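Read the structure below first, then the notes.
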Amino acid sequence: MANTQKKRARVDKRNVSTIDSFAENDSLPALLENEPAKDSFLISAGTYERILYGIEGRFEGDVLALSSRFIFPAHIGCIKSVSVGGRYLASGSTDEIIRLYDLKKRVELGSLHEHKGSITSLQFHGHSHLLSASEDGAICIFRTKDWEPLKVLKGHKGPVNDIAIHPSGKLALSVSQDRTVIVWNLLTGQRASRTKTPNSGELVVWNPSGTSYVISYGTEVQVYNVGQAEPATTIFSQQRILAVLAVVFKGNTYVITGCQDKRIRIYSIGGTELASAQCHDNRIKGLSSLDMVFPDGSTKTIIVSVSSDGRIKVWNLADMIDPVLQLGENTAVVDVLDLSISPLATYNADVRLTCVFSSNNSF
């Protein structure tokens with residue numbers, strides 16, 4: 001992607017914490033349900049080697065093929081987070097910089113310099129706003145039409161590890177090394193609540209319907225229902241959890257984790273470990289999910305995993321959960337099902353991958 005000066009994206013440092021609330025036209029709109037990818041999808045992945053990968057997935061007949069769309073050095077530090085909103089791609093790094101790209105025009109838009117610490121998490125709301133979190137303890141909200149910082153959310157007393165925007169766009173969650181989770185009102189830009197957590201929350205995700213959320217604490221995962229302070233479910237893992245998803249399959253919600261021991265694990269929303277599979281040759285660093293229209297016309301959920309082994313793999317969620325369902329609801333399962341499954345496609349980047357985001361390829 002070539003550099004361009006047509007659109008100003010490099011934001012001068014300024015004190016935006018004095019903004020008390022959003023103007024009415026700057027509040028985040030409700031996010032419409034994402035359309036499934038039809039012809040192709042994009043996998044964006046960051047690396048320890050500072051290289052940003054863009055891998056396109058496309059069916060060639062009945063076979064899913066992965067091919068490189070772009071590969072280039074994006075930062076001078078390890079890339080810790082990537083996110084896509086519509087035509088925009090953002091990457092964040094230990095170099096404290098957020099870099100911006102226009103996927104449609106295939107150009108670099110510039111960079112954002114609001115943070116004074118490593119960028120830990122990036123998340124778009126649709127294509128209109130970008131939220132960023134950092135080790136400096138702040139969360140910034142940017143408007144994509146001009147990349148102005150609308151608000152700096154300050155409430156944590158330590159580095160912010162992760163953020164998650166509610167599907168409605170009205171709320172966001174943040175977890176921090178200060179052992180708290182904060183609920184933010186994105187319509188006003190104010191903190192709605194602040195709750196202590198048992199440990200430092202490392203990852204946080206909403207389930208697709210926004211009725212519950214999941215917080216990961218290293219070797220422990222807690223599931224919370226909206227409006228309840230106490231966790232509804234606690235999941236204990238013997239391995240360190242490095243990635244987590246909440247997905248829906250045949251009307252039920254499942255928690256999926258990527259772990260230090262190279263395995264993906266599937267849990268019921270009630271906390272029962274149902275199955276696991278060794279999916280990589282090294283620790284799994286990132287997971288992402290996307291609905292995709294398959295050649296037979298059916299819409300299925302795919303899971304994208306990245307690992308320190310340098311491989312990007314795409315899985316059919318049905319291959320992970322259907323074997324469990326086939327055992328029958330009334331079957332007593334003493335041991336966790338050890339799955340032997342094959343990916344739909346594999347791409348060897350031959351670098352240490354750190355994060356991933358999968359998105360619809362239509363702009």
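Naming scheme: A, B, ... for chains in displayed order of the structure tokens; residues 1 onward per chain; ligands 1 onward as shown.
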Just the strand (DSSP E) stuff from segment 69-303 of chain A, please, per backbone DSSP, written as a VMD selection string.
chain A and resid 69 to 73 79 to 85 88 to 93 98 to 102 107 to 112 119 to 125 129 to 134 138 to 143 148 to 154 160 to 165 171 to 176 180 to 185 190 to 196 203 to 206 212 to 216 220 to 225 233 to 236 241 to 249 252 to 259 263 to 268 273 to 278 284 to 293 299 to 303
Neighbouring residues of Asp162 of chain A were defined as those with any atom within 8 Å, considering only C-alpha atoms; residues of the same chain fewer than 4 positions away were excluded. Please report them as a list in words.
Thr120, Ser121, Ala133, Ser174, Val175, Ser176, Glu202, Leu203 and Val204 of chain A
Emit the selected residues as a compact mmCIF listing (two decimals), in the first residue's frame, including N, CA and C atoms.
# COMPACT_ATOMS: atom_id res chain seq x y z
N THR A 120 -2.84 -2.03 22.87
CA THR A 120 -3.19 -3.39 23.28
C THR A 120 -4.43 -3.93 22.59
N SER A 121 -5.34 -3.06 22.17
CA SER A 121 -6.59 -3.55 21.57
C SER A 121 -7.18 -2.48 20.66
N ALA A 133 -7.25 0.88 22.81
CA ALA A 133 -6.83 0.78 24.21
C ALA A 133 -5.33 0.66 24.26
N SER A 174 -14.16 -2.77 29.18
CA SER A 174 -12.70 -2.74 29.17
C SER A 174 -12.19 -3.47 30.40
N VAL A 175 -11.11 -4.23 30.23
CA VAL A 175 -10.48 -4.93 31.34
C VAL A 175 -9.03 -4.45 31.44
N SER A 176 -8.52 -4.46 32.68
CA SER A 176 -7.25 -3.81 32.93
C SER A 176 -6.41 -4.58 33.93
N GLU A 202 -7.56 -10.35 30.99
CA GLU A 202 -6.68 -10.25 29.83
C GLU A 202 -7.44 -10.08 28.53
N LEU A 203 -8.61 -10.73 28.43
CA LEU A 203 -9.41 -10.68 27.22
C LEU A 203 -10.87 -10.52 27.59
N VAL A 204 -11.63 -9.82 26.75
CA VAL A 204 -13.06 -9.68 26.97
C VAL A 204 -13.77 -9.70 25.62
If we count only C-alpha atoms, what is near Ile341 of chain A at a cut-off of 10 Å, once residues fewer than 3 positions away on the same chain are taken out, given as JSON, numbers by chain?
{"A": [277, 278, 279, 315, 316, 319, 320, 338, 344]}
Which of A:Lys170, A:His115, A:Arg191, A:Arg87 sits closest to Lys145 of chain A [using only C-alpha atoms]
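For Lys145 of chain A, the nearest of the given residues is A:Arg87.
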Which residue, A:Val221, A:Ile182, A:Ala345, A:Val306, has the smallest gap to Arg263 of chain A when you use only C-alpha atoms?
A:Val306
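For the pair atom CA of Ala275 of chain A and atom CA of Pro323 of chain A, the interatomic distance is 8.8 Å.
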